[in-house]
Amino acid sequence: MELRVLEIAQNAELDRKPMYGFALASALSGDGGKSLTGHGTLYKALARMADVGLLETEWEDPEIAVTERRPRRRHYRISSKGVAALHASHPAPATAPHPIATLRPVQP
Amino acid sequence: MIALYDIPTSRTMSAVLRWVDFYTSFVPANVAQERCQELLSDIYEQLADGQQRELSQGAIDPAIASRALRGLPADLIWSRKHQRKGKKMNTSPATPQPSNAPVTIRLSSLVWVALAILALFGVATSITEFVEYGGNRFGYVPWPGAGNINTTVVQIVCSAVLLIPATFISVKRLIHHNARQA
């Protein structure tokens with residue numbers, strides 16, 4: 001789940017969209033929000049990821065929440081450590097320096 | 001607790017928020033407050049999303065309850081972890097105090113609640129066996145002792161023996177926590 005969270009957080013960062021708990025749960029479900037991740041499971045994972053520095057968290061400006069008449073959101077952003085971890089888990093497709101030399105000869 | 005803005009509350013939502021209040025009552029206040037606010041925001045967003053998609057309250061409530069139930073074990077683990085962290089911060093390991101007190105097993109309040117629920121389940125199933133099936137559920141014995149009236153008696157006695165202290169301790173600790181928070 002951590003990798004999916006990092007991917008979603010990175011995409012949100014690229015799209016300049018704020019990422020918060022429910023938005024993450026919806027994105028994680030991948031089925032239009034029919035089976036969202038359990039509260040405990042989601043927030044325990046997010047807390048753990050924030051603790052180890054994969055995510056950065058920040059509470060939304062209370063003024064925005066008051067204006068939109070809803071509770072404050074806690075925003076999650078992928079950190080540089082998170083980006084590195086994500087790249088490490090998805091290594092770029094290898095462009096072999098000597099592809100021909102590594103090919104085995106085809107047996108007739 | 002913060003009022004739920006423009007979205008009407010439901011019994012399910014109140015129950016989920018009460019559960020959040022309960023398991024966060026064991027952790028340091030600042031951690032508890034953040035968790036409560038985050039969950040409140042999440043539930044609000046789910047309600048707002050459901051209403052935007054024109055789902056009925058009957059569809060939204062079970063979805064919220066399902067998320068709370070599926071996350072229940074993780075909630076307990078999280079609470080226990082922060083409870084321990086809080087205790088470590090409050091006690092100095094450099095100055096252990098010698099004690100002549102007898103060695104007792106101190107279980108977490110959440111463990112007592114879990115035991116009370118388990119015992120209640122045991123009592124309920126054994127009563128069901130007595131009332132509906134007369135101690136022999138399916139008329140056959142799937143494994144030695146199963147469905148036997150003696151097994152049911154043992155089950156109800158053991159469950160009752162566990163239920164009484166577990167309920168007593170859970171309620172006592174809940175009152176204690178509430179008094180401390182007030």
# chains A, B, ... in the order shown; residues from 1 in each chain; ligands from 1

call {"tool": "residues_around", "arguments": {"residues": "region 167-175 of chain B", "least_positions_apart": "5", "cutoff": "10 Å", "atoms": "only C-alpha atoms", "output": "list of chain:residue names"}}
result
B:Phe22, B:Ser25, B:Phe26, B:Ser108, B:Ser109, B:Leu110, B:Val111, B:Trp112, B:Val113, B:Ala114, B:Leu115, B:Ala116, B:Ile117, B:Ala119, B:Leu120, B:Leu162, B:Arg180, B:Gln181

call {"tool": "closest_atom_pairs", "arguments": {"of": "chain A", "to": "chain B", "cutoff": "7 Å", "atoms": "only C-alpha atoms", "output": "CSV"}}
result
residue,atom,partner,partner_atom,distance
A:Gly21,CA,B:Asp42,CA,6.1
A:Phe22,CA,B:Asp42,CA,5.1
A:Leu36,CA,B:Arg67,CA,6.7
A:Thr37,CA,B:Arg67,CA,6.4
A:Gly38,CA,B:Arg67,CA,4.0
A:His39,CA,B:Gly71,CA,5.1
A:Gly40,CA,B:Gly71,CA,3.9
A:Thr41,CA,B:Gly71,CA,5.0
A:Lys44,CA,B:Trp78,CA,6.4
A:Arg69,CA,B:Tyr5,CA,6.0
A:Arg70,CA,B:Tyr5,CA,6.0
A:Pro71,CA,B:Ser41,CA,5.1
A:Arg72,CA,B:Ser41,CA,6.4
A:Arg73,CA,B:Ser41,CA,6.1
A:Arg74,CA,B:Glu38,CA,6.6

call {"tool": "atom_distance", "arguments": {"atom1": "CA of Lys85 (chain B)", "atom2": "CA of Trp59 (chain A)"}}
result
22.8 Å

call {"tool": "atom_distance", "arguments": {"atom1": "CA of Ser89 (chain A)", "atom2": "CA of Ala45 (chain A)"}}
result
17.6 Å

call {"tool": "residues_around", "arguments": {"residues": "His82 (chain B)", "least_positions_apart": "6", "cutoff": "9 Å", "atoms": "only C-alpha atoms", "output": "ChimeraX atom specification"}}
result
/B:26-28,31

call {"tool": "write_last_selection", "arguments": {"atoms": "C-alpha atoms", "output": "JSON list (two decimals), in the first residue's frame"}}
result
[["chain", "number", "residue", "atom", "x", "y", "z"],
["B", 26, "PHE", "CA", -5.57, 6.34, 25.83],
["B", 27, "VAL", "CA", -2.97, 8.32, 23.88],
["B", 28, "PRO", "CA", -1.33, 11.71, 24.55],
["B", 31, "VAL", "CA", -1.81, 12.96, 19.16]]

call {"tool": "residues_around", "arguments": {"residues": "Thr57 (chain A)", "least_positions_apart": "3", "cutoff": "8 Å", "atoms": "only C-alpha atoms", "output": "ChimeraX atom specification"}}
result
/A:50,74-77

call {"tool": "write_last_selection", "arguments": {"atoms": "N, CA and C atoms", "output": "PDB file, in the first residue's frame"}}
result
ATOM      1  N   ALA A  50       4.916   9.056   7.433  1.00  0.00           N
ATOM      2  CA  ALA A  50       5.341  10.402   7.840  1.00  0.00           C
ATOM      3  C   ALA A  50       6.465  10.308   8.869  1.00  0.00           C
ATOM      4  N   ARG A  74      -5.876  17.444   6.547  1.00  0.00           N
ATOM      5  CA  ARG A  74      -4.433  17.324   6.756  1.00  0.00           C
ATOM      6  C   ARG A  74      -3.833  16.944   5.408  1.00  0.00           C
ATOM      7  N   HIS A  75      -2.977  17.783   4.902  1.00  0.00           N
ATOM      8  CA  HIS A  75      -2.405  17.541   3.578  1.00  0.00           C
ATOM      9  C   HIS A  75      -1.139  16.686   3.675  1.00  0.00           C
ATOM     10  N   TYR A  76      -1.015  15.804   2.708  1.00  0.00           N
ATOM     11  CA  TYR A  76       0.175  14.944   2.633  1.00  0.00           C
ATOM     12  C   TYR A  76       0.903  15.247   1.338  1.00  0.00           C
ATOM     13  N   ARG A  77       2.211  15.413   1.442  1.00  0.00           N
ATOM     14  CA  ARG A  77       3.032  15.637   0.244  1.00  0.00           C
ATOM     15  C   ARG A  77       4.179  14.648   0.263  1.00  0.00           C
TER      16      ARG A  77
END

call {"tool": "closest_residue", "arguments": {"among": "A:Thr67, A:Glu7, A:Leu46, A:His87", "to": "Tyr20 (chain A)", "atoms": "only C-alpha atoms"}}
result
A:Leu46

call {"tool": "closest_residue", "arguments": {"among": "A:Asp51, A:Glu2, A:Tyr43, A:Leu28", "to": "Cys36 (chain B)", "atoms": "only C-alpha atoms"}}
result
A:Tyr43
